[in-house]
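File shown: final.txt (compact mmCIF, C-alpha atoms).
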# COMPACT_ATOMS: atom_id res chain seq x y z
CA MET F 1 -97.63 -25.25 51.07
CA LYS F 2 -98.61 -26.25 54.59
CA GLU F 3 -102.32 -26.03 55.41
CA ARG F 4 -103.36 -22.89 57.30
CA ILE F 5 -99.77 -21.62 57.33
CA LEU F 6 -99.03 -18.12 56.16
CA SER F 7 -96.89 -17.76 53.05
CA LEU F 8 -94.79 -14.98 54.44
CA PHE F 9 -94.81 -12.46 51.57
CA CYS F 10 -94.17 -8.80 52.24
CA ALA F 11 -92.42 -5.84 50.66
CA LEU F 12 -88.78 -5.13 51.36
CA VAL F 13 -88.45 -1.71 52.94
CA LEU F 14 -85.04 -0.12 53.28
CA LEU F 15 -84.75 1.84 56.50
CA ALA F 16 -82.33 4.73 56.45
CA GLY F 17 -82.15 4.57 60.23
CA ALA F 18 -80.77 1.02 60.09
CA VAL F 19 -77.31 2.36 59.25
CA PRO F 20 -75.44 3.31 62.44
CA SER F 21 -74.20 6.87 62.59
CA ALA F 22 -70.54 7.77 62.95
CA ALA F 23 -71.27 9.02 66.46
CA ALA F 24 -72.82 5.68 67.40
CA LEU F 25 -69.79 3.81 66.09
CA GLN F 26 -67.50 6.17 67.98
CA GLY F 27 -69.48 5.41 71.13
CA GLU F 28 -68.94 1.69 70.56
CA ALA F 29 -65.20 2.25 70.30
CA ALA F 30 -65.13 4.32 73.50
CA ARG F 31 -67.04 1.63 75.38
CA ALA F 32 -64.63 -0.99 74.08
CA ALA F 33 -61.64 1.09 75.23
CA ASP F 34 -63.19 1.55 78.68
CA ALA F 35 -63.82 -2.19 78.93
CA LEU F 36 -60.22 -3.02 78.04
CA ALA F 37 -58.96 -0.44 80.53
CA THR F 38 -61.23 -1.88 83.24
CA LEU F 39 -59.69 -5.29 82.57
CA GLU F 40 -56.23 -3.68 82.73
CA LEU F 41 -55.47 -4.71 79.15
CA ILE F 42 -54.71 -1.14 78.07
CA GLU F 43 -53.75 1.94 80.01
CA PRO F 44 -56.73 4.07 81.10
CA ALA F 45 -56.90 7.46 79.44
CA ALA F 46 -56.57 10.14 82.10
CA SER F 47 -58.27 12.70 79.87
CA GLY F 48 -60.85 10.22 78.63
CA ASP F 49 -59.35 10.42 75.13
CA TYR F 50 -58.00 7.12 73.83
CA GLY F 51 -57.13 8.50 70.40
CA LEU F 52 -59.76 6.24 68.91
CA LYS F 53 -59.66 7.85 65.48
CA GLU F 54 -55.90 7.65 65.20
CA PRO F 55 -54.27 4.82 63.26
CA ALA F 56 -53.42 1.78 65.38
CA THR F 57 -49.76 0.83 65.04
CA ARG F 58 -48.28 -2.64 64.74
CA ALA F 59 -46.56 -2.16 68.10
CA GLN F 60 -49.81 -1.20 69.83
CA ALA F 61 -51.53 -4.22 68.30
CA VAL F 62 -48.90 -6.66 69.56
CA VAL F 63 -48.83 -5.15 73.04
CA LEU F 64 -52.61 -5.63 73.21
CA LEU F 65 -52.28 -9.15 71.78
CA VAL F 66 -49.91 -10.27 74.54
CA ALA F 67 -52.20 -8.68 77.14
CA LEU F 68 -55.19 -10.61 75.70
CA ALA F 69 -53.18 -13.82 76.00
CA GLY F 70 -52.47 -13.07 79.67
CA ALA F 71 -48.77 -13.41 78.92
CA ARG F 72 -47.24 -10.15 80.13
CA LYS F 73 -45.09 -11.90 82.76
CA GLU F 74 -43.86 -14.45 80.24
CA ALA F 75 -43.03 -11.66 77.82
CA ALA F 76 -41.08 -9.74 80.44
CA SER F 77 -38.89 -12.76 81.17
CA ASP F 78 -38.38 -13.94 77.58
CA THR F 79 -34.68 -13.70 76.66
CA TRP F 80 -35.10 -14.80 73.05
CA ILE F 81 -33.58 -12.43 70.49
CA SER F 82 -35.99 -11.43 67.73
CA GLY F 83 -33.44 -9.84 65.42
CA PHE F 84 -35.60 -6.75 64.87
CA ALA F 85 -33.49 -3.59 64.97
CA ASP F 86 -36.34 -1.07 65.09
CA VAL F 87 -38.34 -2.13 68.17
CA PRO F 88 -39.03 0.62 70.76
CA ALA F 89 -38.24 -0.09 74.39
CA TRP F 90 -41.85 0.25 75.56
CA ALA F 91 -43.00 -2.59 73.27
CA SER F 92 -39.80 -4.61 73.07
CA ALA F 93 -40.80 -7.41 75.46
CA GLU F 94 -44.19 -7.97 73.86
CA ILE F 95 -42.93 -7.88 70.27
CA THR F 96 -40.08 -10.25 71.12
CA TYR F 97 -42.41 -12.66 72.90
CA ALA F 98 -45.07 -12.59 70.16
CA ALA F 99 -42.43 -13.23 67.51
CA HIS F 100 -40.94 -16.06 69.61
CA GLN F 101 -44.38 -17.67 69.90
CA GLY F 102 -44.92 -17.35 66.16
CA TRP F 103 -47.91 -15.03 66.63
CA ALA F 104 -46.41 -11.93 65.02
CA THR F 105 -44.03 -11.61 62.11
CA GLY F 106 -41.88 -8.74 60.97
CA ALA F 107 -42.29 -6.71 57.82
CA ALA F 108 -38.72 -7.74 56.91
CA LEU F 109 -36.00 -9.92 58.40
CA THR F 110 -34.66 -7.20 60.73
CA GLU F 111 -37.61 -4.80 60.63
CA PHE F 112 -40.84 -5.01 62.56
CA ARG F 113 -41.95 -1.51 61.54
CA PRO F 114 -43.68 -0.86 64.86
CA ASP F 115 -44.98 2.58 63.92
CA SER F 116 -46.69 1.43 60.72
CA THR F 117 -50.48 1.20 60.75
CA VAL F 118 -51.59 -2.34 61.48
CA THR F 119 -53.85 -3.73 58.78
CA ALA F 120 -56.96 -5.76 59.52
CA ASN F 121 -55.37 -8.83 57.93
CA ALA F 122 -52.17 -8.48 59.98
CA TRP F 123 -54.05 -7.97 63.25
CA PHE F 124 -56.37 -10.92 62.73
CA ALA F 125 -53.46 -13.09 61.62
CA PHE F 126 -51.73 -12.24 64.94
CA LEU F 127 -54.92 -12.95 66.87
CA LEU F 128 -55.74 -16.19 65.06
CA ARG F 129 -52.27 -17.57 65.69
CA MET F 130 -52.54 -16.67 69.36
CA LEU F 131 -55.82 -18.61 69.46
CA GLY F 132 -54.17 -21.70 68.00
CA TYR F 133 -54.97 -21.32 64.30
CA SER F 134 -52.11 -21.77 61.84
CA ASP F 135 -51.62 -20.21 58.46
CA LYS F 136 -48.77 -22.68 57.88
CA ASP F 137 -51.15 -25.61 58.38
CA GLY F 138 -53.76 -24.05 56.11
CA ASP F 139 -56.30 -22.86 58.68
CA PHE F 140 -56.26 -19.42 57.05
CA THR F 141 -54.19 -17.22 54.79
CA VAL F 142 -52.71 -13.94 55.97
CA GLY F 143 -54.12 -12.15 52.94
CA ALA F 144 -57.66 -13.16 53.95
CA ALA F 145 -57.26 -13.33 57.74
CA ALA F 146 -59.89 -10.64 58.43
CA LEU F 147 -62.40 -12.41 56.18
CA PHE F 148 -61.74 -15.74 57.89
CA ALA F 149 -62.14 -14.10 61.31
CA ARG F 150 -65.58 -12.84 60.26
CA GLN F 151 -66.50 -16.23 58.82
CA ILE F 152 -65.79 -18.10 62.06
CA GLY F 153 -67.37 -15.45 64.28
CA LEU F 154 -64.16 -14.09 65.80
CA ALA F 155 -64.94 -10.69 64.29
CA ALA F 156 -68.44 -9.32 64.82
CA ARG F 157 -68.17 -7.09 61.75
CA THR F 158 -66.13 -6.87 58.57
CA TYR F 159 -62.77 -5.08 58.81
CA ALA F 160 -60.50 -4.10 55.94
CA GLY F 161 -57.48 -1.88 55.32
CA GLY F 162 -55.65 -0.10 58.12
CA LEU F 163 -57.25 -0.15 61.57
CA THR F 164 -57.90 2.77 63.87
CA ARG F 165 -57.33 2.36 67.59
CA GLY F 166 -61.10 2.28 68.05
CA GLN F 167 -61.44 -0.59 65.60
CA LEU F 168 -58.56 -2.42 67.25
CA TYR F 169 -60.21 -2.09 70.66
CA GLN F 170 -63.63 -3.14 69.39
CA SER F 171 -62.24 -6.25 67.73
CA ALA F 172 -60.31 -7.10 70.90
CA VAL F 173 -63.46 -6.87 73.03
CA ASP F 174 -65.32 -9.09 70.56
CA ALA F 175 -62.48 -11.63 70.83
CA LEU F 176 -62.79 -11.87 74.63
CA THR F 177 -65.71 -14.29 74.43
CA PHE F 178 -64.25 -16.34 71.57
CA SER F 179 -62.79 -19.78 72.30
CA TYR F 180 -59.29 -20.98 71.64
CA LYS F 181 -59.19 -23.40 68.72
CA ASP F 182 -58.75 -26.41 70.99
CA GLY F 183 -61.89 -25.46 72.94
CA SER F 184 -59.99 -25.32 76.22
CA ALA F 185 -61.23 -21.85 77.21
CA THR F 186 -62.46 -18.52 75.99
CA VAL F 187 -60.03 -15.63 75.89
CA ILE F 188 -61.63 -14.02 78.94
CA GLY F 189 -61.82 -17.38 80.70
CA ARG F 190 -58.09 -17.93 80.36
CA LEU F 191 -57.38 -14.33 81.33
CA VAL F 192 -59.34 -14.76 84.54
CA GLU F 193 -57.51 -18.02 85.27
CA ARG F 194 -54.16 -16.29 84.88
CA THR F 195 -55.18 -13.03 86.55
CA PRO F 196 -57.88 -13.78 89.16
CA ALA F 197 -57.92 -10.12 90.23
CA ILE F 198 -59.86 -9.16 87.09
CA ARG F 199 -62.71 -11.64 87.69
CA ALA F 200 -64.90 -9.00 89.34
CA ALA F 201 -64.36 -6.64 86.42
CA ALA F 202 -65.10 -9.41 83.90
CA ASN F 203 -68.31 -10.23 85.75
CA ALA F 204 -69.31 -6.57 85.94
CA LEU F 205 -68.85 -6.27 82.18
CA GLY F 206 -71.02 -9.34 81.62
CA LEU F 207 -68.19 -11.25 79.95
CA MET F 208 -68.61 -14.32 82.13
CA GLU F 209 -72.38 -14.49 81.62
CA THR F 210 -73.54 -17.43 79.50
CA ALA F 211 -76.96 -15.93 78.70
CA LEU F 212 -76.84 -13.70 75.62
CA THR F 213 -78.63 -10.49 74.79
CA ALA F 214 -80.07 -10.20 71.28
CA ARG F 215 -77.12 -7.97 70.38
CA GLN F 216 -74.63 -10.54 71.63
CA ALA F 217 -76.42 -13.35 69.79
CA ALA F 218 -76.24 -11.35 66.57
CA ASP F 219 -72.57 -10.41 67.06
CA ARG F 220 -71.37 -13.88 67.98
CA LEU F 221 -73.62 -16.24 66.03
CA THR F 222 -74.65 -14.61 62.75
CA ALA F 223 -71.58 -16.13 61.08
CA ALA F 224 -73.14 -19.60 61.52
CA VAL F 225 -76.29 -18.71 59.54
CA PHE F 226 -76.62 -18.31 55.78
CA ARG F 227 -78.88 -17.58 52.83
CA ILE F 228 -79.84 -20.45 50.53
CA ASN F 229 -80.30 -19.83 46.82
CA LEU F 230 -82.25 -22.74 45.31
CA TYR F 231 -82.45 -23.50 41.59
CA GLU F 232 -85.21 -25.78 40.24
CA LYS F 233 -84.09 -25.90 36.58
CA GLN F 234 -80.77 -25.89 34.78
CA LYS F 235 -81.69 -22.73 32.88
CA TYR F 236 -81.97 -20.90 36.21
CA VAL F 237 -78.55 -22.23 37.22
CA ASP F 238 -77.07 -21.05 33.92
CA LYS F 239 -78.57 -17.58 34.35
CA GLY F 240 -77.66 -17.37 38.03
CA THR F 241 -81.31 -16.66 38.84
CA PRO F 242 -82.53 -18.57 41.90
CA SER F 243 -86.04 -20.03 41.98
CA SER F 244 -86.31 -19.18 45.68
CA THR F 245 -84.31 -18.09 48.71
CA ALA F 246 -84.33 -19.47 52.23
CA SER F 247 -82.15 -19.78 55.32
CA GLY F 248 -80.01 -22.40 57.01
CA PHE F 249 -77.37 -22.81 59.70
CA PHE F 250 -74.24 -24.88 60.25
CA ILE F 251 -74.15 -27.60 62.91
CA SER F 252 -70.55 -28.70 62.34
CA GLU F 253 -67.26 -27.09 61.45
CA ASP F 254 -66.91 -29.18 58.30
CA GLY F 255 -70.15 -28.00 56.70
CA LEU F 256 -73.11 -30.02 57.99
CA ALA F 257 -76.10 -27.69 57.99
CA VAL F 258 -79.82 -27.71 58.79
CA THR F 259 -82.72 -26.12 56.95
CA ASN F 260 -86.38 -26.84 56.20
CA TYR F 261 -87.23 -29.52 53.69
CA HIS F 262 -89.40 -27.07 51.79
CA SER F 263 -86.33 -24.80 51.47
CA ILE F 264 -84.69 -27.38 49.20
CA GLU F 265 -87.83 -28.98 47.75
CA ASP F 266 -87.73 -29.51 43.95
CA GLY F 267 -84.24 -28.05 43.69
CA ILE F 268 -81.54 -29.47 41.41
CA TYR F 269 -78.78 -27.15 42.67
CA GLY F 270 -78.29 -24.87 45.62
CA THR F 271 -75.75 -22.53 47.17
CA VAL F 272 -75.31 -20.90 50.55
CA THR F 273 -74.05 -17.35 51.05
CA LEU F 274 -72.43 -16.42 54.35
CA VAL F 275 -72.36 -13.11 56.16
CA THR F 276 -68.97 -12.53 54.52
CA GLY F 277 -70.59 -12.64 51.08
CA GLU F 278 -68.80 -15.87 50.17
CA THR F 279 -70.87 -18.48 48.34
CA PHE F 280 -70.50 -22.25 48.73
CA PRO F 281 -72.39 -25.00 46.87
CA ILE F 282 -74.61 -27.58 48.59
CA THR F 283 -73.09 -30.95 47.67
CA LYS F 284 -75.52 -33.47 49.14
CA VAL F 285 -78.50 -34.16 51.39
CA LEU F 286 -77.82 -36.41 54.39
CA PHE F 287 -81.29 -36.48 55.93
CA TYR F 288 -84.71 -35.13 55.05
CA ASP F 289 -88.31 -35.60 56.08
CA PRO F 290 -91.10 -33.78 54.21
CA GLU F 291 -93.61 -34.48 56.97
CA ILE F 292 -91.45 -32.91 59.64
CA ASP F 293 -90.23 -30.29 57.14
CA ILE F 294 -86.59 -30.60 58.04
CA ALA F 295 -83.39 -31.46 56.17
CA VAL F 296 -79.66 -31.81 56.77
CA VAL F 297 -77.32 -30.87 53.92
CA LYS F 298 -73.57 -30.88 53.40
CA VAL F 299 -72.00 -27.64 52.23
CA SER F 300 -68.73 -27.70 50.32
CA ARG F 301 -65.75 -26.03 51.95
CA THR F 302 -64.71 -24.62 48.57
CA THR F 303 -66.44 -21.49 47.33
CA THR F 304 -68.01 -21.26 43.90
CA ASP F 305 -64.96 -19.25 42.78
CA GLY F 306 -62.44 -21.79 44.07
CA ARG F 307 -61.34 -20.56 47.51
CA THR F 308 -61.22 -23.25 50.21
CA THR F 309 -61.91 -22.61 53.89
CA SER F 310 -60.73 -24.74 56.78
CA GLY F 311 -64.04 -24.59 58.62
CA PHE F 312 -67.30 -22.83 59.43
CA LYS F 313 -68.83 -21.24 62.49
CA TYR F 314 -71.56 -23.56 63.77
CA LEU F 315 -74.34 -23.71 66.33
CA GLU F 316 -75.02 -26.25 69.06
CA MET F 317 -78.37 -28.05 69.01
CA VAL F 318 -80.14 -28.86 72.29
CA GLY F 319 -83.71 -29.56 71.16
CA THR F 320 -86.89 -28.73 73.00
CA ALA F 321 -86.84 -30.94 76.11
CA ASP F 322 -86.14 -28.00 78.43
CA VAL F 323 -88.13 -25.34 76.57
CA ARG F 324 -91.06 -23.78 78.43
CA PRO F 325 -93.71 -21.18 77.51
CA GLY F 326 -92.38 -17.74 78.35
CA ASP F 327 -88.75 -18.59 77.58
CA ARG F 328 -86.99 -15.86 75.62
CA VAL F 329 -85.81 -16.89 72.15
CA TYR F 330 -83.92 -15.40 69.22
CA SER F 331 -84.32 -16.17 65.54
CA LEU F 332 -81.52 -15.77 63.01
CA GLY F 333 -82.22 -16.05 59.32
CA ASN F 334 -82.46 -14.38 55.95
CA PRO F 335 -85.87 -12.66 55.78
CA LEU F 336 -86.93 -11.64 52.26
CA GLY F 337 -83.52 -12.67 50.95
CA GLY F 338 -82.20 -9.24 51.86
CA GLY F 339 -79.52 -10.23 54.36
CA LEU F 340 -79.11 -11.96 57.71
CA ALA F 341 -81.13 -10.55 60.58
CA VAL F 342 -81.96 -11.24 64.23
CA SER F 343 -85.30 -10.97 66.03
CA GLU F 344 -86.36 -11.61 69.61
CA GLY F 345 -89.47 -13.09 71.18
CA VAL F 346 -90.83 -15.57 73.69
CA VAL F 347 -92.07 -19.13 73.42
CA SER F 348 -95.87 -19.18 73.29
CA ALA F 349 -96.36 -22.96 73.21
CA THR F 350 -93.91 -25.84 73.10
CA GLU F 351 -95.91 -28.61 71.42
CA ARG F 352 -98.39 -26.99 69.11
CA GLU F 353 -100.05 -29.50 66.76
CA VAL F 354 -100.12 -27.98 63.28
CA PRO F 355 -101.97 -29.47 60.29
CA GLY F 356 -99.47 -30.79 57.75
CA TYR F 357 -96.65 -31.33 60.27
CA SER F 358 -96.03 -34.74 61.82
CA TRP F 359 -94.03 -33.27 64.70
CA PRO F 360 -95.42 -30.68 67.15
CA CYS F 361 -94.02 -27.20 66.55
CA VAL F 362 -92.68 -24.51 68.87
CA MET F 363 -94.92 -21.46 68.62
CA ASN F 364 -93.19 -18.18 69.44
CA THR F 365 -93.20 -14.42 68.87
CA ALA F 366 -89.74 -13.95 67.28
CA ASP F 367 -90.56 -12.30 63.95
CA ILE F 368 -89.76 -14.11 60.71
CA SER F 369 -90.69 -13.46 57.08
CA LYS F 370 -90.58 -15.20 53.73
CA GLY F 371 -86.95 -16.28 53.29
CA SER F 372 -86.53 -17.01 57.01
CA SER F 373 -87.53 -20.65 56.45
CA GLY F 374 -84.69 -22.86 57.63
CA GLY F 375 -83.22 -20.32 60.05
CA ALA F 376 -82.25 -20.95 63.66
CA LEU F 377 -84.58 -20.50 66.63
CA MET F 378 -82.30 -20.32 69.66
CA ASN F 379 -82.55 -20.11 73.41
CA ILE F 380 -80.79 -17.30 75.30
CA TYR F 381 -77.60 -19.36 75.41
CA GLY F 382 -77.34 -19.39 71.62
CA GLN F 383 -78.30 -23.06 71.37
CA VAL F 384 -80.72 -24.16 68.64
CA ILE F 385 -84.07 -25.51 69.74
CA ALA F 386 -85.95 -25.37 66.43
CA VAL F 387 -85.87 -24.42 62.75
CA THR F 388 -87.93 -21.36 61.82
CA THR F 389 -90.55 -22.45 59.31
CA GLY F 390 -93.72 -20.32 59.06
CA ALA F 391 -96.67 -18.76 60.86
CA TYR F 392 -100.42 -19.06 61.28
CA ALA F 393 -102.23 -17.28 58.47
CA GLN F 394 -104.77 -15.78 60.88
CA GLY F 395 -103.12 -14.59 64.04
CA ASN F 396 -100.60 -12.14 65.43
CA SER F 397 -97.01 -13.09 66.30
CA MET F 398 -97.81 -16.80 65.98
CA TYR F 399 -94.59 -18.00 64.38
CA LEU F 400 -93.62 -21.64 64.14
CA GLY F 401 -90.41 -23.60 64.53
CA VAL F 402 -89.83 -27.27 63.81
CA PRO F 403 -87.88 -28.86 66.71
CA VAL F 404 -84.35 -30.01 65.86
CA ASP F 405 -84.81 -33.14 67.98
CA PRO F 406 -85.23 -35.39 64.88
CA VAL F 407 -81.89 -34.15 63.54
CA MET F 408 -80.21 -34.87 66.87
CA GLU F 409 -81.55 -38.43 66.70
CA ALA F 410 -80.83 -39.03 62.99
CA ASP F 411 -77.97 -41.18 61.71
CA LEU F 412 -76.18 -38.89 59.30
CA THR F 413 -73.55 -41.46 58.33
CA LYS F 414 -75.69 -43.74 56.16
CA GLU F 415 -76.73 -42.76 52.66
CA SER F 416 -76.86 -39.37 50.98
CA TRP F 417 -78.37 -37.85 47.86
CA THR F 418 -77.86 -34.87 45.62
CA LEU F 419 -80.57 -32.23 45.59
CA GLU F 420 -81.65 -33.45 42.16
CA GLU F 421 -81.91 -37.05 43.41
CA VAL F 422 -84.10 -35.96 46.31
CA ALA F 423 -86.36 -34.07 43.90
CA LYS F 424 -86.72 -37.16 41.70
CA ILE F 425 -87.40 -39.47 44.65
CA GLU F 426 -90.15 -37.24 45.99
CA GLN F 427 -91.62 -36.68 42.53
CA SER F 428 -91.83 -40.45 42.03
CA LYS F 429 -93.98 -40.65 45.16
CA ILE F 430 -96.34 -37.97 43.91
CA GLU F 431 -97.09 -39.43 40.47
CA PRO F 432 -98.69 -42.74 41.63
CA ALA F 433 -100.76 -40.89 44.23
CA ARG F 434 -101.95 -38.42 41.60
CA ALA F 435 -102.90 -41.25 39.22
CA GLU F 436 -104.80 -43.03 41.99
CA ASN F 437 -106.76 -39.90 42.80
CA GLN F 438 -107.70 -39.43 39.14
CA GLU F 439 -108.97 -43.02 38.91
CA SER F 440 -111.07 -42.69 42.02
Would you give me this structure, written as structure tokens?
Amino acid sequence: MKERILSLFCALVLLAGAVPSAAALQGEAARAADALATLELIEPAASGDYGLKEPATRAQAVVLLVALAGARKEAASDTWISGFADVPAWASAEITYAAHQGWATGAALTEFRPDSTVTANAWFAFLLRMLGYSDKDGDFTVGAAALFARQIGLAARTYAGGLTRGQLYQSAVDALTFSYKDGSATVIGRLVERTPAIRAAANALGLMETALTARQAADRLTAAVFRINLYEKQKYVDKGTPSSTASGFFISEDGLAVTNYHSIEDGIYGTVTLVTGETFPITKVLFYDPEIDIAVVKVSRTTTDGRTTSGFKYLEMVGTADVRPGDRVYSLGNPLGGGLAVSEGVVSATEREVPGYSWPCVMNTADISKGSSGGALMNIYGQVIAVTTGAYAQGNSMYLGVPVDPVMEADLTKESWTLEEVAKIEQSKIEPARAENQES
């Protein structure tokens, strides 16, 4: 499509080693428990055994919740009466305080059922409320709280059913770097403000560091990236068979998203599929430029099966002004249409002139493949500098990204088009040019 650019075709190989072993997952849980103990959020295990495989109880979850909020002192002095008749003394203050704040609810009017296994939905409902989200105001539903947490990047993996202590601790550690809904602070930031004595521990654990490892970028930001399924004819829409797949990423909570122009070219309908597996239709195109190979689309907040979300995880754009050769970068996209993936590399050149592109590209070594077009190329702070788009046909690790600077400068409030309207507009430009060439 673009002159001298590689059409990134390759075979999809399933690697058995890509699935983490049970031992590896157990190691993750142990590290999470140690981190929480270091921050004095849970009691250290004298024997080194945190009971990670045991079911996590509702009481344990709420005690941890109040600790994450940095509200132990407030809980100890709260004289409100919860009305629960089954609360144990060791968790009474925390359960009372969490109920008073509206974070935690009982299983019945006078029963909290503290010894029952906490479900993923219950735990994330508690956590979301603590962070300022409201199920009463429609931010999420309790029955899909775990799914919503994954969708907005609060959870780094998908949780379902009853939680083990290990899963509870892992999800709590993931939440430490998440921001309160009002953007006032991250969980760890507020904890450090309220308990300055843990600052050294937070620094030692890397929780105050703004630069991300590839693992951290994948854990925290994958929720903002999606697969695009594009349909060029109505018969493909009717059959549910996409003409092509590509990538894209959100740049606003309400569904503005960026991709390549060639990722939506000739399409009459398109959908995006998130890391949660939920699928949302593309409703309109707000900006596009075939020569730059970039486009901004609006994604509906209602899934194709009728479920509405209150918002999406999104990425910040910073452009390429401060990018230099040798800078480390991460790419997030949907290579080969097989699922979201992260890769790491360095910037090779910042303003590489490429035939067929009217804007200089960022050349880098972060691997991409067919299907990655439209994905995010980010700096180590998780900020988008470019849109992954292709590679040189003859060369090694010479991948290209279109800078997002034009999107940052574009007025997205003017007109908009459907995908089908864009296809017709661009086709109308091609026909006269084709006729002129035939005459000459």
Item checked: Atom pair atom CA of F:Gly374 / atom CA of F:Ile425: separation (Å) ->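 Rounded to one decimal, the two atoms are 21.3 Å apart.
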Next item on the list: With a distance cut-off of 12 Å and only C-alpha atoms, select the neighbouring residues of F:Gly206, excluding the residue or stretch itself and same-chain residues fewer than 5 positions from it, and output the selection as a ChimeraX atom specification.
Entry: /F:35,173,176-177,188,199-201,211-213,216
Notebook entry, point to check: What separation in Å, quoted to one decimal, exists between atom CA of F:Leu128 and atom CA of F:Ile251?
Noted result: 21.8 Å
Check: In Å, how far is it from atom CA of F:Val66 to atom CA of F:Leu315?
Finding: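 Distance between the two atoms: 29.1 Å.
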Checklist line | Spatial neighbours of F:Gly338, 9 Å, all atoms listed in the file, chain gap at least 3 places, as a PyMOL selection string | finding: chain F and resi 12+334-335+341+371
Next item on the list: Please provide the set of residues having any atom within 10 Å of F:Phe140, restricted to all atoms listed in the file, with same-chain residues fewer than 6 positions apart removed, written as a PyMOL selection string.
Entry: chain F and resi 125+128-129+133-134+146-149+308-311
Check: For F:Leu412, which residue out of F:Met378, F:Leu274, F:Ile268, F:Leu256 is the nearest one, using all atoms listed in the file?
Finding: F:Leu256
Checklist line | Residue among F:Gly267, F:Ala410, F:Leu332, F:Asn260 lying closest to F:Gln427, counting only C-alpha atoms | finding: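 Among the listed residues, the smallest separation from F:Gln427 belongs to F:Gly267.
Residues in contact range of F:Ala223, defined as at most 8 Å between all atoms listed in the file, with sequence neighbours fewer than 4 positions away removed, read Arg150, Gln151, Ile152, Gly153, Leu274, Val275, Thr276, Lys313 and Tyr314 of chain F.
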Margin query: Considering all atoms listed in the file, can you say which of F:Asp135, F:Ala202, F:Thr302, F:Thr365 comes closest to F:Gly326?
Written below: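 Going through F:Asp135, F:Ala202, F:Thr302, F:Thr365 one by one, the smallest distance to F:Gly326 is for F:Thr365.
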Next item on the list: Show which residues sit within 9 Å of F:Tyr399, as an NGL selection string. Count all atoms listed in the file, and ignore same-chain residues fewer than 2 positions away.
Entry: :F and (362-368 or 388-392 or 396-397 or 401)
Residues of stretch 108-195 of chain F that approach stretch 85-91 of chain F to 8 Å or less, counting all atoms listed in the file: could you list each one with the shortest pair of atoms and its distance in Å to one decimal, rows by chain and increasing residue number, as a tab-separated table?
residue	atom	partner	partner_atom	distance
F:Thr110	CA	F:Ala85	CA	5.7
F:Glu111	CA	F:Asp86	CA	6.0
F:Phe112	CA	F:Asp86	CA	6.5
F:Arg113	CA	F:Asp86	CA	6.7
F:Pro114	CA	F:Val87	CA	6.4
Checklist line | Using all atoms listed in the file: which of F:Met208, F:Ala104, F:Leu65, F:Leu109 has the shortest distance to F:Gly83 | finding: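 Using all atoms listed in the file, the shortest distance to F:Gly83 belongs to F:Leu109.
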With 3 Å of padding per side, what axis-aligned box (centre and edge lengths, Å, one decimal) covers all the listed atoms of stretch 124-137 of chain F? Give it as JSON.
{"center_x": -52.6, "center_y": -18.3, "center_z": 63.7, "size_x": 13.6, "size_y": 20.7, "size_z": 17.6}
Taking the partial coordinates given, rebuild stretch 314-324 of chain F to contain N, CA and C atoms; return it as a PDB file, in the coordinates of the input.
ATOM      1  N   TYR F 314     -70.370 -22.718  63.686  1.00  0.00           N
ATOM      2  CA  TYR F 314     -71.560 -23.560  63.770  1.00  0.00           C
ATOM      3  C   TYR F 314     -72.271 -23.388  65.105  1.00  0.00           C
ATOM      4  N   LEU F 315     -73.509 -23.836  65.140  1.00  0.00           N
ATOM      5  CA  LEU F 315     -74.340 -23.710  66.330  1.00  0.00           C
ATOM      6  C   LEU F 315     -74.555 -25.067  66.992  1.00  0.00           C
ATOM      7  N   GLU F 316     -74.720 -25.037  68.297  1.00  0.00           N
ATOM      8  CA  GLU F 316     -75.020 -26.250  69.060  1.00  0.00           C
ATOM      9  C   GLU F 316     -76.526 -26.470  69.094  1.00  0.00           C
ATOM     10  N   MET F 317     -76.957 -27.711  68.924  1.00  0.00           N
ATOM     11  CA  MET F 317     -78.370 -28.050  69.010  1.00  0.00           C
ATOM     12  C   MET F 317     -78.656 -28.686  70.376  1.00  0.00           C
ATOM     13  N   VAL F 318     -79.750 -28.260  71.001  1.00  0.00           N
ATOM     14  CA  VAL F 318     -80.140 -28.860  72.290  1.00  0.00           C
ATOM     15  C   VAL F 318     -81.571 -29.398  72.265  1.00  0.00           C
ATOM     16  N   GLY F 319     -82.343 -29.068  71.238  1.00  0.00           N
ATOM     17  CA  GLY F 319     -83.710 -29.560  71.160  1.00  0.00           C
ATOM     18  C   GLY F 319     -84.650 -28.846  72.105  1.00  0.00           C
ATOM     19  N   THR F 320     -85.809 -29.427  72.299  1.00  0.00           N
ATOM     20  CA  THR F 320     -86.890 -28.730  73.000  1.00  0.00           C
ATOM     21  C   THR F 320     -87.256 -29.321  74.363  1.00  0.00           C
ATOM     22  N   ALA F 321     -86.484 -30.273  74.854  1.00  0.00           N
ATOM     23  CA  ALA F 321     -86.840 -30.940  76.110  1.00  0.00           C
ATOM     24  C   ALA F 321     -86.974 -29.965  77.274  1.00  0.00           C
ATOM     25  N   ASP F 322     -86.133 -28.943  77.304  1.00  0.00           N
ATOM     26  CA  ASP F 322     -86.140 -28.000  78.430  1.00  0.00           C
ATOM     27  C   ASP F 322     -86.809 -26.674  78.116  1.00  0.00           C
ATOM     28  N   VAL F 323     -87.482 -26.594  76.970  1.00  0.00           N
ATOM     29  CA  VAL F 323     -88.130 -25.340  76.570  1.00  0.00           C
ATOM     30  C   VAL F 323     -89.489 -25.218  77.254  1.00  0.00           C
ATOM     31  N   ARG F 324     -89.796 -24.026  77.738  1.00  0.00           N
ATOM     32  CA  ARG F 324     -91.060 -23.780  78.430  1.00  0.00           C
ATOM     33  C   ARG F 324     -91.714 -22.503  77.886  1.00  0.00           C
TER      34      ARG F 324
END
